[in-house]
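Okay, so here's the structure we're looking at.
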Amino acid sequence: MSTITAQDVNKLRQLTGAGMMDCKKALSESGGDFDGAVELLRKKGQKVSASRQDREATEGGIFAKVSADGKTAAMLELNCETDFVARNEDFQGIATGILEEALSKQAPDLAAVQNLQVKGQKVSDLLTDAMGRIGEKIEVSKYVLIHGEQLSTYIHPGAKVGVLVAFEGAAGVDLAVVGKDISMQIAAMNPQALDKDDLPADVVAKEMEIAKEQVRAQGKPENMLEKIALGMLNKYYKENTLLQQEFVKDPSKTIAQYLKETNPNLKIKAFKRFHLGA
């Protein structure tokens, strides 16, 4: 039987990221063969993955990054089963590695991310191996890539809420402060759309019907329903569309007015907000 040295165990650990005892056991079972040991560790990950498919993976973290040229940003949500694992360096390193590769390759969607190669491994295989090491279900559940003239990212402390914002029309003005203000506004107020015209027609119709039912319940005449309901719908727009929301730091102005004061041509091209597990 081959003698398994501490150097052998450390080499396998560096290669796979698996725990010391798991590496020692895999080397012993493979008779010191490194390829065989790697395969055993991978099979362990597959077994863990299969056994935990029905588990809820609602913990984890949200991670965001802007490209070196400042024109592209990516954000993803990596999930696990417990907050303890979410704070683990191994888990966070996995998220960072996938995010950096996705941004580098400008992966357009979640399906493309799943097929990326990270350190020579397909993402799905990388996650399977991680499940073998960590012992929990791990999956990428959300991902987005956006482009803009300038971009802002914000991860709320605890990494449970993340925001990306793309601006255009800045005319070279640094938007670091404005970007942070808008990102934190989105994190706190959770707008459903940029402006009222961006809300889906079915959502608007549903809100209008809810408003009418509320007015009817108050005993208002039928000929007044439409007018009163429209007023209630406008209130919905002010609460749920970013440009019409009151600016949290100065409620005397809307976000649209804040942008115009910064630069008359400044516009928000797109934004995205992730909430962990939602």
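If you're wondering about the labels, chains in the structure tokens are A, B, ... by order shown, residues count from 1 in each chain, ligands from 1 in order shown.
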Spatial neighbours of His147 (chain A), max dist 8 Å, only C-alpha atoms, sep filter under 6 positions, as a list in words: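 That gives Lys71, Thr72, Ala73 and Ala166 of chain A.
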Residues as selected, C-alpha atoms, written as an mmCIF file, in the first residue's frame, can you do that?
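Writing done, so here's result_26.cif:
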```
data_model
loop_
_atom_site.group_PDB
_atom_site.id
_atom_site.type_symbol
_atom_site.label_atom_id
_atom_site.label_comp_id
_atom_site.auth_asym_id
_atom_site.auth_seq_id
_atom_site.Cartn_x
_atom_site.Cartn_y
_atom_site.Cartn_z
ATOM 1 C CA LYS A 71 -18.983 50.123 -19.152
ATOM 2 C CA THR A 72 -20.330 46.722 -18.103
ATOM 3 C CA ALA A 73 -21.471 45.290 -14.783
ATOM 4 C CA ALA A 166 -26.576 52.036 -15.692
#
```
Could you check which of A:His275, A:Lys267, A:Lys196, A:Lys249 is closest to Ala171 (chain A), using only C-alpha atoms?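 Once distances to Ala171 (chain A) are computed over only C-alpha atoms, the minimum belongs to A:Lys267.
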For Leu126 (chain A), which of A:Ile94, A:Met232, A:Val144, A:Ile186 is the closest residue, counting only C-alpha atoms?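 The answer is A:Ile94, which sits nearest to Leu126 (chain A).
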Can you pull out every residue within 8 Å of Ala170 (chain A), counting only C-alpha atoms, but drop anything in the same chain fewer than 5 positions away, and send it as JSON, numbers by chain? {"A": [149, 150, 175, 263, 265, 266, 267]}
Among A:Thr58, A:Ser67, A:Asn190, A:Gln106, Val85 (chain A) is approached most closely, using only C-alpha atoms, by A:Thr58
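The residue that comes closest to Gln185 (chain A), out of A:Val140, A:Ile268, A:Val248, A:Val163 and on the basis of only C-alpha atoms, is A:Val248.
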Measure the distance from CA of Phe274 (chain A) to CA of Gly162 (chain A) in Å and round it to one decimal.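 Here the two named atoms are 5.2 Å from each other.
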Region 181-232 of chain A: which residues are alpha helix (DSSP H) by DSSP, as an MDAnalysis selection string? chainID A and resid 181:189 201:217 225:232
Keeping only C-alpha atoms, write the selected residues as a PDB file, in the first residue's frame.
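So the final result, stored in out10.pdb, reads:
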```
ATOM      1  CA  ASP A 181     -27.553  57.676  -3.909  1.00  0.00           C
ATOM      2  CA  ILE A 182     -29.648  56.084  -6.649  1.00  0.00           C
ATOM      3  CA  SER A 183     -28.438  52.567  -5.852  1.00  0.00           C
ATOM      4  CA  MET A 184     -29.291  52.952  -2.166  1.00  0.00           C
ATOM      5  CA  GLN A 185     -32.693  54.414  -3.126  1.00  0.00           C
ATOM      6  CA  ILE A 186     -33.411  51.302  -5.199  1.00  0.00           C
ATOM      7  CA  ALA A 187     -32.183  49.005  -2.423  1.00  0.00           C
ATOM      8  CA  ALA A 188     -34.424  50.699   0.159  1.00  0.00           C
ATOM      9  CA  MET A 189     -37.555  51.479  -1.874  1.00  0.00           C
ATOM     10  CA  ALA A 201     -49.931  46.555 -18.904  1.00  0.00           C
ATOM     11  CA  ASP A 202     -51.426  43.703 -16.884  1.00  0.00           C
ATOM     12  CA  VAL A 203     -49.945  45.114 -13.662  1.00  0.00           C
ATOM     13  CA  VAL A 204     -51.438  48.556 -14.377  1.00  0.00           C
ATOM     14  CA  ALA A 205     -54.820  47.007 -15.218  1.00  0.00           C
ATOM     15  CA  LYS A 206     -54.781  44.960 -12.019  1.00  0.00           C
ATOM     16  CA  GLU A 207     -53.919  47.993  -9.870  1.00  0.00           C
ATOM     17  CA  MET A 208     -56.677  50.007 -11.558  1.00  0.00           C
ATOM     18  CA  GLU A 209     -59.209  47.275 -10.820  1.00  0.00           C
ATOM     19  CA  ILE A 210     -58.069  47.055  -7.187  1.00  0.00           C
ATOM     20  CA  ALA A 211     -58.449  50.832  -6.868  1.00  0.00           C
ATOM     21  CA  LYS A 212     -61.977  50.721  -8.296  1.00  0.00           C
ATOM     22  CA  GLU A 213     -62.994  47.962  -5.892  1.00  0.00           C
ATOM     23  CA  GLN A 214     -61.671  49.982  -2.976  1.00  0.00           C
ATOM     24  CA  VAL A 215     -63.640  53.038  -4.123  1.00  0.00           C
ATOM     25  CA  ARG A 216     -66.800  50.945  -4.504  1.00  0.00           C
ATOM     26  CA  ALA A 217     -66.311  49.580  -0.997  1.00  0.00           C
ATOM     27  CA  LEU A 225     -65.023  55.517  -9.839  1.00  0.00           C
ATOM     28  CA  GLU A 226     -62.742  56.177 -12.796  1.00  0.00           C
ATOM     29  CA  LYS A 227     -61.543  59.592 -11.609  1.00  0.00           C
ATOM     30  CA  ILE A 228     -60.862  58.517  -8.023  1.00  0.00           C
ATOM     31  CA  ALA A 229     -59.224  55.269  -9.142  1.00  0.00           C
ATOM     32  CA  LEU A 230     -56.910  57.195 -11.477  1.00  0.00           C
ATOM     33  CA  GLY A 231     -55.814  59.301  -8.523  1.00  0.00           C
ATOM     34  CA  MET A 232     -55.030  56.144  -6.575  1.00  0.00           C
TER      35      MET A 232
END
```
Under the rule of at most 12 Å, produce a per-residue listing of region 60-179 of chain A near region 255-260 of chain A: chain, number, name, the closest pair of atoms, and the distance in Å, as a tab-separated table, using only C-alpha atoms.
```
residue	atom	partner	partner_atom	distance
A:Phe167	CA	A:Leu259	CA	10.3
A:Glu168	CA	A:Leu259	CA	11.1
A:Gly169	CA	A:Leu259	CA	10.5
A:Ala170	CA	A:Leu259	CA	10.0
A:Leu175	CA	A:Leu259	CA	10.5
A:Val177	CA	A:Leu259	CA	11.7
A:Val178	CA	A:Leu259	CA	8.1
A:Gly179	CA	A:Leu259	CA	10.2
```
File dump, residues just selected, C-alpha atoms, as a PDB file, in the first residue's frame:
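Below is the file that was written, selection.pdb:
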```pdb
ATOM      1  CA  PHE A 167     -26.445  55.747 -16.552  1.00  0.00           C
ATOM      2  CA  GLU A 168     -26.157  57.656 -19.810  1.00  0.00           C
ATOM      3  CA  GLY A 169     -25.848  61.351 -20.668  1.00  0.00           C
ATOM      4  CA  ALA A 170     -23.353  62.093 -17.891  1.00  0.00           C
ATOM      5  CA  LEU A 175     -21.351  59.888 -10.958  1.00  0.00           C
ATOM      6  CA  VAL A 177     -22.026  60.094  -5.410  1.00  0.00           C
ATOM      7  CA  VAL A 178     -25.145  60.138  -7.582  1.00  0.00           C
ATOM      8  CA  GLY A 179     -24.695  56.449  -8.383  1.00  0.00           C
TER       9      GLY A 179
END
```
Of A:Arg13, A:Lys122, A:Lys137, A:Arg273, the one nearest to Glu59 (chain A) when counting only C-alpha atoms is A:Lys137
Interatomic distance between CA of Cys80 (chain A) and CA of Met20 (chain A)?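 So the two atoms, CA of Cys80 (chain A) and CA of Met20 (chain A), lie 22.0 Å apart.
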Got a sec to tell me which of region 21-262 of chain A DSSP assigns to strand (DSSP E or B), as a count of residues only? 53
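The interatomic distance for the pair CA of Gly32 (chain A) and CA of Ile4 (chain A) works out to 6.4 Å.
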